[in-house]
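Input: a single structure, listed below in structure tokens.
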Amino acid sequence: MKQIIASVSLLFLSYIGIAQENVTYQKPPKEILELADFERAPSVSMDTKKEYMLLSYRNTYKSLDDLNQEEMRLGGLRINPITNISSTVTYINNLKIRKVKDKNEIQVKGLPENAKITNVSWAPNEKVIAFTNTTANGIELWTIDVATAQAKKITSDNLNANLGNPYSWMKDSQQLLIRVIPANKPKLIDEKRDLPKGPIVSESEGKVSQNRTYQDLLKNKTDEANFEALVTSELKTVDLNGSIKNFKTAGMYAGETFSPDGNYLMITTIEKPFSYIVPLSRFPQKTTIYDSNGKEIKVVNEVPLSEIMPKGFSSTRTGKRSMGWRADQPATLHFVEALDGGDQANKVEFRDELFLWEAPFNQAPKSLMKIPQRYGGVMWGNNNFAIVMDSWYDTRNTKAYLINPSNPAMAPKIIEDRNSQDVYSDPGNFEMKKNEFGRYVIAIENNKGYLIGAGHTKEGQFPFIDEFDFGTLKTKRLYTSNMKDRKEDLMSIEDLKKGDVLVMIQSKNEYPNYYYRNLKSKKLTPITSFKNPFESLKNVHKEVITYQRKDGVTLSGTLYLPAGYDRTKKDKKLPLLIWAYPREYKDKNSAGQSTQNPNEFTFPYYGSFVYWVTRGYAVLDDAAFPIIGEGTSEPNDTFIEQLVNNAEAAINAVDQLGYINKSKVGVGGHSYGAFMTANLLTHSNLFACGIARSGAYNRTLTPFGFQSEQRNYWDVPQIYNGMSPFMNAEKMKTPMLLTHGEADNNPGTFTLQTERYFQALKGLGAPVRMVILPKESHSYVAKENILHLLWEQDQFLEKHLKN
């Protein structure tokens, strides 16, 4: 099999009248290859006491062979029907443990051969770690004793991970609730051999029903039967010795969560009827509370089929939603209900209402708070303090309210009221800690909490820790990071009395590593020491530049210049590559803010142009491309004009620095960035070429909105048509490289979008090349495909830009 896969050719899709060629996999030039073919550092997780850390290792890329597995696409899922886990999962292949204060890493003993590890989680007591391993036939459950670093298998490979993690830790840390493939699971139907019993019929009852263009939906009765067979599980319990007991008979279990005290279990099941219009997240659901022995207590929620979105994507369903356990109480549910009928067009004083419902759920739920905007979550603290968030799609406003959960009559106090896109005003996030139930709550001491902020400002980034007084609502600055030539991220407060904080420090050449910082002595104690795998970028020049659009909006981007380039003489004019992604805003102030930091580690990856700084190009990465719609206007009303103005400002800014040949500028982007690229080449003469990856080019194929656009095609057909490169294909005369994954799973960016756009451009005589990457989804993961993509891009840029 592997030998066959290795010889797979990359195909340019063939249509009548369109040239086809077979291209075997190629590798990029050595400057790019040595950056792309690197060994990935491990991921780190720690117990809450910061006594032990788990190091997780995985391959840098998947292989094409990894992607060439059995797959069924049903109800929005992509499933391997043999192993019963998502076909898109990325596996860990090794685990090590070390004490945080010890430098020695201990190899976990007894791991499965050719391990395919995922779903890693610490037990509530943090003395054991569980993980699943995927065999050729299915999913096994394993555990690791942290103190001895010894792994042990505790189930056979019959777990069902088709709906996500197939296990949940129980309160005692000695048992786990697991989803198991039923012994009488029906045989899957081969649709190629199954004769249909009749046509497929869909009908509209005259109700407005606006939905995104979802992929991988159910299509017929065969799909329905296979979906039900694949997601149905039995619930069992297993202890750390592998002793298994029955818990619940077969059902389509979609979520199981224990109450904080462990005495109750909330189980959500998928119900019928299924839909051919929406994915499983909007199928009917039922949520039931059981005791810890599996005895039913009460059905607490029943959600009907949700095919109807009456007014755009900010609509929400009616009935109970966002149901979960209150983290600071033994067994109390919280949930919200819409007060505006779920329709954002309705003018009401309050949009949502937050309720509490105490076990054993034989009394009516109690209202805790009516919420002016759409509910955005809750952080529980204790009996006296909790924080509720809301937001509104149209204004980008977000608020945080301090409430007293024990006294609903007490008026909420607004402690945050800002534009969610205004990063300079972000007050930070409250430090959280585990309580006696093992749940995360706001860390409160003497009626004070602690905010950790990213610290973005006009002058740069200065992360901070603030003390917040819940009585006065005032903050006091405890620490501001102001490292020169390095970036410090504040991860968590370990011991405020001692002044110990966990931080992560990096620079453009220094790989991110963990340290303890003492706020009193300023001393740094290293915890990890991961090496920089990209030494060839060591002498590359990197800086964040700011500049203005013609309407005064401040823009920014990270500029890279080749190592050894003389920035004083500037006698060699470089070709410039711009990589960007448009983002919508409701005000110019927020659009002009920057979160870029020149001291952030330079991590090249296939999703940017940074590689090409080693090939003699100047690169402006993550260039700001805001699309602004202030007041009653919408961002997309002037999309093309703003897009061109952004590009023109970026090119002029780098040109004024004296580094580039203004006639040799290329642009690129992925997804909505590809849509941007196609429009820029269509509606301007600023670029010599462009690279567009996995984009959507015909907005009439996403008729009920895209990105933040709430209006549908029939509301504003001129906007949809004017923004669609496909509709303006006759204007595109600039060389463009189109790439797309053969199996794109992203709503709206069907592979067909690129294929049809290429057909149009080819037929109209545009200079365009299309590459369809075998087996790839919206993001590319196979090493063979990624290296070939880099080769394609390099060949294209050398031909159309550098030479």
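Ordering of the structure tokens sets the chain letters (A, B, ...), residue numbers begin anew at 1 in every chain, and ligands are numbered from 1 in the order given.
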
Please report as CSV every residue of region 260-345 of chain A lying within 10 Å of region 238-249 of chain A, along with the nearest atom pair and their distance in Å (one decimal), using only C-alpha atoms.
residue,atom,partner,partner_atom,distance
A:Ser292,CA,A:Phe247,CA,9.5
A:Asn293,CA,A:Phe247,CA,7.4
A:Gly294,CA,A:Phe247,CA,6.1
A:Lys295,CA,A:Lys248,CA,9.3

Would you mind listing what lies within 9 Å of region 643-659 of chain A as a PyMOL selection string, with only C-alpha atoms counted and same-chain residues fewer than 4 positions away left out?
chain A and resi 545-551+555-557+559+561+567+570-576+578+582+618+620+623-627+638-639+665+667+676+679-680+683-684+686

With a distance cut-off of 8 Å and only C-alpha atoms, select the neighbouring residues of region 747-762 of chain A, excluding the residue or stretch itself and same-chain residues fewer than 2 positions from it, and output the selection as number ranges by chain.
A: 13, 18, 212-215, 671, 694-698, 701-702, 706, 726, 729-730, 732, 738-745, 764-770, 778

So how many Å separate CA of Lys171 (chain A) and CA of Ile85 (chain A), to one decimal?
25.7 Å

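The residue set within 9 Å of Ile505 (chain A), counting only C-alpha atoms and dropping same-chain residues fewer than 2 places from it, reads A:Arg486, A:Lys487, A:Glu488, A:Asp489, A:Leu490, A:Val503, A:Ser507, A:Glu510, A:Tyr511, A:Pro512, A:Asn513, A:Tyr514, A:Tyr515.
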
Can I get the selection written as a tab-separated table (two decimals), in the first residue's frame, with C-alpha atoms?
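The resulting selection-v5.tsv:
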chain	number	residue	atom	x	y	z
A	486	ARG	CA	11.85	39.19	24.11
A	487	LYS	CA	8.14	38.48	24.53
A	488	GLU	CA	6.75	37.32	27.87
A	489	ASP	CA	3.35	35.63	28.10
A	490	LEU	CA	1.87	35.39	31.60
A	503	VAL	CA	5.41	32.53	32.15
A	507	SER	CA	12.10	35.98	20.92
A	510	GLU	CA	14.35	31.85	20.76
A	511	TYR	CA	11.82	29.02	20.79
A	512	PRO	CA	9.01	29.54	23.36
A	513	ASN	CA	9.94	28.03	26.73
A	514	TYR	CA	8.36	27.97	30.19
A	515	TYR	CA	9.81	29.72	33.24

What is the distance between CA of Asn162 (chain A) and CA of Leu55 (chain A), in Å to one decimal?
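We find that CA of Asn162 (chain A) and CA of Leu55 (chain A) lie 25.9 Å from each other.
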
Quick check for you: according to DSSP on this backbone, which residues of region 442-648 of chain A are classed as alpha helix (DSSP H)? Reply as a list in words.
Lys588, Asn589, Ser590, Ala591, Phe639, Ile640, Glu641, Gln642, Leu643, Val644, Asn645, Asn646, Ala647 and Glu648 of chain A

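When only C-alpha atoms are used to measure the gap to Thr90 (chain A), the shortest distance among A:Thr48, A:Ser633, A:Ser406, A:Thr134 belongs to A:Thr134.
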
Run DSSP on the backbone and give me the residues of region 508-746 of chain A it puts in strand (DSSP E), as a VMD selection string.
chain A and resid 513 to 518 524 to 526 541 to 548 554 to 561 574 to 585 618 to 628 660 to 670 689 to 693 736 to 741

Non-local contacts of region 371-381 of chain A (7 Å; only C-alpha atoms; under 2 positions in same chain excluded) as a count of residues only
18

Check the smallest atom-to-atom distance from each of A:Gly673, A:Gly341, A:Gly438, A:Gly324 to Gly262 (chain A) using only C-alpha atoms, then report the winner.
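Smallest distance to Gly262 (chain A) is found for A:Gly438.
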
Considering only C-alpha atoms, return as a PyMOL selection string whatever protein or nucleic-acid residues lie within 9 Å of Ser367 (chain A), sequence-local ones (same chain, fewer than 3 positions apart) excluded.
chain A and resi 353-357+370+408

Deliver the residues from the most recent selection as a file, using C-alpha atoms, as a compact mmCIF listing (two decimals), in the first residue's frame.
# COMPACT_ATOMS: atom_id res chain seq x y z
CA GLU A 353 -32.43 34.97 30.60
CA LEU A 354 -30.07 32.94 32.80
CA PHE A 355 -31.57 30.28 35.08
CA LEU A 356 -30.37 28.02 37.90
CA TRP A 357 -31.86 24.60 38.59
CA LYS A 370 -32.07 38.86 32.44
CA PRO A 408 -30.80 37.52 42.14
